[in-house]
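start33.txt (compact mmCIF, C-alpha atoms and all ligand atoms) appears below.
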```
# COMPACT_ATOMS: atom_id res chain seq x y z
CA MET A 1 -24.20 -149.06 -18.53
CA LYS A 2 -21.22 -150.34 -20.48
CA ALA A 3 -21.15 -147.12 -22.46
CA LEU A 4 -21.21 -145.15 -19.24
CA VAL A 5 -18.28 -147.09 -17.79
CA LEU A 6 -16.30 -146.68 -20.99
CA GLY A 7 -17.14 -142.99 -21.04
CA LEU A 8 -15.94 -142.53 -17.47
CA LEU A 9 -12.77 -144.46 -18.24
CA ALA A 10 -12.08 -142.26 -21.26
CA LEU A 11 -12.60 -139.20 -19.09
CA LEU A 12 -10.21 -140.49 -16.42
CA LEU A 13 -7.55 -141.26 -19.02
CA ALA A 14 -7.94 -137.76 -20.47
CA LEU A 15 -7.53 -136.01 -17.10
CA PRO A 16 -3.73 -136.03 -16.79
CA ALA A 17 -3.46 -134.42 -20.24
CA LEU A 18 -5.98 -131.76 -19.23
CA ALA A 19 -3.91 -130.96 -16.16
CA GLY A 20 -0.71 -130.55 -18.22
CA ALA A 21 0.65 -127.02 -18.31
CA PRO A 22 2.39 -127.35 -21.73
CA GLU A 23 -0.81 -128.48 -23.45
CA LEU A 24 -2.88 -125.76 -21.80
CA MET A 25 -0.36 -123.14 -22.84
CA LYS A 26 -0.20 -124.38 -26.44
CA GLU A 27 -4.00 -124.37 -26.65
CA ARG A 28 -4.19 -120.84 -25.33
CA MET A 29 -1.52 -119.57 -27.72
CA LYS A 30 -3.21 -121.31 -30.66
CA GLY A 31 -6.34 -119.43 -29.62
CA PHE A 32 -4.38 -116.16 -29.54
CA GLU A 33 -2.94 -116.89 -32.96
CA ALA A 34 -6.28 -117.76 -34.53
CA ALA A 35 -7.92 -114.65 -33.05
CA TYR A 36 -5.06 -112.44 -34.19
CA LEU A 37 -5.15 -113.80 -37.77
CA GLU A 38 -8.91 -113.28 -37.85
CA PHE A 39 -8.35 -109.73 -36.65
CA GLN A 40 -5.81 -109.06 -39.42
CA THR A 41 -8.21 -110.33 -42.07
CA SER A 42 -10.97 -108.09 -40.70
CA LEU A 43 -8.58 -105.14 -40.65
CA MET A 44 -7.72 -105.63 -44.34
CA ARG A 45 -11.44 -105.65 -45.10
CA HIS A 46 -12.21 -102.64 -42.90
CA ASP A 47 -14.67 -104.94 -41.14
CA PHE A 48 -14.82 -103.22 -37.74
CA THR A 49 -17.40 -105.63 -36.36
CA GLY A 50 -15.17 -108.56 -37.33
CA MET A 51 -12.24 -106.89 -35.56
CA GLN A 52 -14.25 -106.64 -32.36
CA GLY A 53 -15.34 -110.27 -32.67
CA ALA A 54 -11.74 -111.37 -33.12
CA MET A 55 -10.62 -109.46 -30.01
CA ALA A 56 -13.47 -111.03 -28.04
CA LYS A 57 -12.12 -114.43 -29.12
CA LEU A 58 -8.67 -113.45 -27.93
CA ASN A 59 -9.98 -112.43 -24.52
CA ASN A 60 -12.16 -115.56 -24.37
CA GLN A 61 -8.93 -117.52 -24.01
CA GLY A 62 -9.16 -116.29 -20.44
CA THR A 63 -6.51 -115.54 -17.87
CA LEU A 64 -3.36 -117.59 -17.35
CA PRO A 65 -4.46 -121.21 -16.60
CA GLY A 66 -3.67 -122.36 -13.03
CA PRO A 67 -1.17 -125.13 -13.93
CA VAL A 68 0.73 -122.76 -16.25
CA ARG A 69 0.87 -120.12 -13.54
CA ALA A 70 2.12 -122.66 -11.01
CA ALA A 71 4.80 -124.01 -13.38
CA ILE A 72 6.13 -120.54 -14.12
CA ARG A 73 5.96 -119.47 -10.47
CA ALA A 74 8.09 -122.50 -9.57
CA SER A 75 10.87 -121.63 -12.04
CA PHE A 76 10.98 -117.81 -12.12
CA ASP A 77 12.26 -115.40 -9.49
CA ASP A 78 9.81 -112.83 -8.07
CA ARG A 79 10.77 -110.09 -10.49
CA ASP A 80 10.47 -112.21 -13.64
CA PHE A 81 7.26 -113.80 -12.42
CA GLY A 82 5.82 -110.31 -11.85
CA ASN A 83 6.93 -109.20 -15.31
CA TYR A 84 5.46 -112.30 -16.87
CA LEU A 85 2.08 -111.70 -15.22
CA ARG A 86 2.16 -108.03 -16.23
CA LEU A 87 2.80 -108.91 -19.89
CA ASP A 88 -0.04 -111.41 -19.78
CA GLU A 89 -2.38 -108.82 -18.29
CA TYR A 90 -1.14 -106.21 -20.76
CA THR A 91 -2.26 -108.40 -23.68
CA ARG A 92 -5.79 -108.43 -22.33
CA LEU A 93 -5.78 -104.69 -21.67
CA MET A 94 -4.55 -104.03 -25.21
CA ALA A 95 -7.18 -106.35 -26.69
CA ASP A 96 -9.76 -104.13 -24.95
CA GLU A 97 -8.05 -101.05 -26.35
CA VAL A 98 -8.18 -102.50 -29.89
CA THR A 99 -11.88 -103.25 -29.35
CA GLN A 100 -12.57 -99.68 -28.25
CA ALA A 101 -10.63 -98.34 -31.25
CA ALA A 102 -12.63 -100.59 -33.60
CA GLN A 103 -15.84 -99.24 -32.07
CA THR A 104 -14.86 -95.75 -33.28
CA ARG A 105 -14.45 -97.21 -36.82
CA ASP A 106 -11.20 -95.27 -37.17
CA ALA A 107 -8.62 -97.48 -38.89
CA GLN A 108 -5.71 -95.28 -37.73
CA LYS A 109 -6.70 -95.72 -34.10
CA VAL A 110 -7.05 -99.46 -34.62
CA LEU A 111 -3.58 -99.65 -36.15
CA ILE A 112 -2.00 -97.85 -33.22
CA ALA A 113 -3.77 -100.02 -30.66
CA GLN A 114 -2.96 -103.27 -32.47
CA GLY A 115 0.71 -102.22 -32.61
CA ARG A 116 0.72 -102.05 -28.81
CA LEU A 117 -1.01 -105.39 -28.57
CA VAL A 118 1.54 -107.13 -30.79
CA MET A 119 4.38 -105.48 -28.90
CA GLY A 120 3.15 -107.31 -25.81
CA CYS A 121 3.09 -110.65 -27.67
CA VAL A 122 6.61 -110.13 -28.97
CA GLN A 123 8.01 -108.88 -25.68
CA CYS A 124 6.82 -111.92 -23.85
CA HIS A 125 8.06 -114.26 -26.56
CA ASP A 126 11.47 -112.55 -26.66
CA GLY A 127 11.89 -112.31 -22.93
CA PHE A 128 10.20 -115.40 -21.56
CA LYS A 129 8.95 -117.88 -24.13
CA ALA A 130 11.90 -120.28 -24.05
CA ARG A 131 12.17 -120.19 -20.27
CA ALA A 132 8.42 -120.55 -19.79
CA THR A 133 8.41 -123.57 -22.08
CA GLN A 134 11.23 -125.14 -20.05
CA ALA A 135 9.41 -124.40 -16.80
CA MET A 136 6.26 -126.11 -18.07
CA GLU A 137 8.16 -129.15 -19.35
CA ARG A 138 9.84 -129.48 -15.97
CA ALA A 139 6.46 -129.30 -14.22
CA ALA A 140 5.01 -131.91 -16.60
CA GLN A 141 7.87 -134.30 -15.86
CA ALA A 142 7.41 -133.87 -12.13
CA GLU A 143 3.71 -134.82 -12.39
C1 LIG B 1 2.97 -113.40 -21.09
C2 LIG B 1 3.59 -114.19 -22.11
C3 LIG B 1 3.01 -114.30 -23.50
C4 LIG B 1 2.26 -113.38 -24.18
C5 LIG B 1 1.81 -112.00 -23.75
C6 LIG B 1 1.96 -113.97 -25.46
N1 LIG B 1 2.54 -115.22 -25.55
FE1 LIG B 1 2.46 -116.45 -27.19
N2 LIG B 1 3.63 -117.79 -26.18
C7 LIG B 1 4.06 -117.68 -24.88
C8 LIG B 1 4.75 -118.88 -24.51
C9 LIG B 1 5.37 -119.17 -23.15
C10 LIG B 1 4.74 -119.71 -25.65
C11 LIG B 1 5.37 -121.11 -25.78
C12 LIG B 1 4.34 -122.16 -25.53
C13 LIG B 1 4.92 -123.52 -25.74
O1 LIG B 1 5.02 -123.93 -26.90
O2 LIG B 1 5.30 -124.16 -24.78
C14 LIG B 1 4.03 -119.00 -26.68
C15 LIG B 1 3.79 -119.49 -27.96
C16 LIG B 1 3.06 -118.84 -28.95
C17 LIG B 1 2.82 -119.37 -30.27
C18 LIG B 1 3.37 -120.70 -30.80
C19 LIG B 1 2.35 -121.78 -30.43
C20 LIG B 1 2.82 -123.16 -30.68
O3 LIG B 1 1.98 -124.02 -30.90
O4 LIG B 1 4.03 -123.40 -30.61
C21 LIG B 1 2.04 -118.47 -30.94
C22 LIG B 1 1.52 -118.55 -32.36
C23 LIG B 1 1.78 -117.38 -30.02
N3 LIG B 1 2.42 -117.63 -28.83
C24 LIG B 1 1.02 -116.26 -30.31
C25 LIG B 1 0.84 -115.20 -29.45
C26 LIG B 1 0.10 -113.99 -29.79
C27 LIG B 1 -0.58 -113.73 -31.13
C28 LIG B 1 0.16 -113.18 -28.70
C29 LIG B 1 -0.42 -111.81 -28.51
C30 LIG B 1 -1.75 -111.56 -28.91
C31 LIG B 1 0.94 -113.88 -27.68
N4 LIG B 1 1.32 -115.08 -28.18
C32 LIG B 1 1.21 -113.36 -26.44
C33 LIG B 1 3.89 -116.61 -24.06
C34 LIG B 1 3.19 -115.45 -24.37
```

With the file now loaded, output its structure as structure tokens.
Ligand code: HEC
Amino acid sequence: MKALVLGLLALLLALPALAGAPELMKERMKGFEAAYLEFQTSLMRHDFTGMQGAMAKLNNQGTLPGPVRAAIRASFDDRDFGNYLRLDEYTRLMADEVTQAAQTRDAQKVLIAQGRLVMGCVQCHDGFKARATQAMERAAQAE
């Protein structure tokens, strides 16, 4: 019983952190980074199955978490919010394209597709990363 109460208490204390947009975003991007590094290693080894596994890990990070979406929506105008969502969606589309290229076992095709994928990462970082980080910090303070 005591263990149960302590367990519940630990869960309750952890909840605000789970709801925090900055933490969710950092987790997701760490997942992207790990998947992308795994992909690069597989590419160097011509391990096409590994490449597909790495892209599955990238897409397993899921869509934009709700609190992150809300924080960005609150700070961006309609146009920038739309562009942000498109870049996010683009990453997932390109991860699928890399997967399809890896299925053909054609390294040239994989290279072209991964170039498009990384362009999406860089475009979002260049255009929105600093502002998105600010938006999430603002939302966390308002909590
Ligand atoms: C639609 C926008 C968007 C896209 C697309 C995107 N990122 Fe990010 N990324 C961000 C934002 C915003 C941050 C800053 C998060 C923070 O630290 O608050 C970030 C941070 C990062 C970081 C630093 C993490 C840290 O702990 O500071 C890495 C690494 C990263 N992204 C990798 C990637 C990779 C790899 C891709 C593509 C596969 C990608 N990102 C695509 C928005 C994006």

Nearest to A:Ala95, chosen from A:Ala56, A:Phe128, A:Gln134, A:Met119, with all atoms listed in the file counted in the distances: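 Closest to A:Ala95, using all atoms listed in the file: A:Ala56.
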
Protein and nucleic residues near ligand LIG 1 (chain B), 8 Å, only C-alpha atoms and all ligand atoms, as number ranges by chain: A: 22-23, 25-27, 29-30, 32-36, 58, 84-91, 95, 117-125, 128-134, 136-137

For the selection you just gave me, I'd like the residues written to a file as a PDB file, in the frame of the given file, keeping C-alpha atoms.
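Writing the result to result-v9.pdb gives the following:
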```pdb
ATOM      1  CA  PRO A  22       2.390-127.350 -21.730  1.00  0.00           C
ATOM      2  CA  GLU A  23      -0.810-128.480 -23.450  1.00  0.00           C
ATOM      3  CA  MET A  25      -0.360-123.140 -22.840  1.00  0.00           C
ATOM      4  CA  LYS A  26      -0.200-124.380 -26.440  1.00  0.00           C
ATOM      5  CA  GLU A  27      -4.000-124.370 -26.650  1.00  0.00           C
ATOM      6  CA  MET A  29      -1.520-119.570 -27.720  1.00  0.00           C
ATOM      7  CA  LYS A  30      -3.210-121.310 -30.660  1.00  0.00           C
ATOM      8  CA  PHE A  32      -4.380-116.160 -29.540  1.00  0.00           C
ATOM      9  CA  GLU A  33      -2.940-116.890 -32.960  1.00  0.00           C
ATOM     10  CA  ALA A  34      -6.280-117.760 -34.530  1.00  0.00           C
ATOM     11  CA  ALA A  35      -7.920-114.650 -33.050  1.00  0.00           C
ATOM     12  CA  TYR A  36      -5.060-112.440 -34.190  1.00  0.00           C
ATOM     13  CA  LEU A  58      -8.670-113.450 -27.930  1.00  0.00           C
ATOM     14  CA  TYR A  84       5.460-112.300 -16.870  1.00  0.00           C
ATOM     15  CA  LEU A  85       2.080-111.700 -15.220  1.00  0.00           C
ATOM     16  CA  ARG A  86       2.160-108.030 -16.230  1.00  0.00           C
ATOM     17  CA  LEU A  87       2.800-108.910 -19.890  1.00  0.00           C
ATOM     18  CA  ASP A  88      -0.040-111.410 -19.780  1.00  0.00           C
ATOM     19  CA  GLU A  89      -2.380-108.820 -18.290  1.00  0.00           C
ATOM     20  CA  TYR A  90      -1.140-106.210 -20.760  1.00  0.00           C
ATOM     21  CA  THR A  91      -2.260-108.400 -23.680  1.00  0.00           C
ATOM     22  CA  ALA A  95      -7.180-106.350 -26.690  1.00  0.00           C
ATOM     23  CA  LEU A 117      -1.010-105.390 -28.570  1.00  0.00           C
ATOM     24  CA  VAL A 118       1.540-107.130 -30.790  1.00  0.00           C
ATOM     25  CA  MET A 119       4.380-105.480 -28.900  1.00  0.00           C
ATOM     26  CA  GLY A 120       3.150-107.310 -25.810  1.00  0.00           C
ATOM     27  CA  CYS A 121       3.090-110.650 -27.670  1.00  0.00           C
ATOM     28  CA  VAL A 122       6.610-110.130 -28.970  1.00  0.00           C
ATOM     29  CA  GLN A 123       8.010-108.880 -25.680  1.00  0.00           C
ATOM     30  CA  CYS A 124       6.820-111.920 -23.850  1.00  0.00           C
ATOM     31  CA  HIS A 125       8.060-114.260 -26.560  1.00  0.00           C
ATOM     32  CA  PHE A 128      10.200-115.400 -21.560  1.00  0.00           C
ATOM     33  CA  LYS A 129       8.950-117.880 -24.130  1.00  0.00           C
ATOM     34  CA  ALA A 130      11.900-120.280 -24.050  1.00  0.00           C
ATOM     35  CA  ARG A 131      12.170-120.190 -20.270  1.00  0.00           C
ATOM     36  CA  ALA A 132       8.420-120.550 -19.790  1.00  0.00           C
ATOM     37  CA  THR A 133       8.410-123.570 -22.080  1.00  0.00           C
ATOM     38  CA  GLN A 134      11.230-125.140 -20.050  1.00  0.00           C
ATOM     39  CA  MET A 136       6.260-126.110 -18.070  1.00  0.00           C
ATOM     40  CA  GLU A 137       8.160-129.150 -19.350  1.00  0.00           C
TER      41      GLU A 137
END
```

All residues 12 Å or closer to A:His46, all atoms listed in the file, same chain fewer than 4 positions away omitted, as a PyMOL selection string: chain A and resi 39-42+50-52+102-103+105-108+110-111

Which residue of A:Pro67, A:Gly53, A:Gly20, A:Gly31 approaches A:Thr99 most closely, using only C-alpha atoms: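 Selected residue with least distance to A:Thr99: A:Gly53.
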
Coordinates-based distance that separates atom CA of A:Asp77 from atom CA of A:Gln61 (Å, one decimal):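 Spanning atom CA of A:Gln61 to atom CA of A:Asp77 is a straight-line distance of 25.8 Å.
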
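Nearest to A:Arg138 of all the residues A:Leu24, A:Ala54, A:Ala71, A:Leu37 is A:Ala71, counting all atoms listed in the file.
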
Please give the centre and size of the box around stretch 27-36 of chain A (axis-aligned, containing every atom listed in the file, 6 Å added per side), with values in Å to one decimal and written as JSON.
```
{"center_x": -4.7, "center_y": -118.4, "center_z": -29.9, "size_x": 18.4, "size_y": 23.9, "size_z": 21.2}
```

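Between atom CA of A:Met94 and atom CA of A:Asp47 lies a distance of 18.9 Å.
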
Atom-to-atom span, atom CA of A:Asn59 and atom CA of A:Gly82, Å: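 For atom CA of A:Asn59 relative to atom CA of A:Gly82, the distance reads 20.4 Å.
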
Option closest in space to A:Asp96, from A:Arg73, A:Thr49, A:Asp126, A:Ala113 [counting all atoms listed in the file]: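 For A:Asp96, the nearest of the given residues is A:Ala113.
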
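Minimum atom-to-atom distances from A:Asp80, A:Gly115, A:Thr104, A:Ala139 to A:Gly127 were compared using only C-alpha atoms, and the lowest value belongs to A:Asp80.
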
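Considering the residues A:Leu43, A:Glu97, A:Arg28, A:Ile72 and counting only C-alpha atoms, A:Asn60 has its shortest atom-to-atom contact with A:Arg28.
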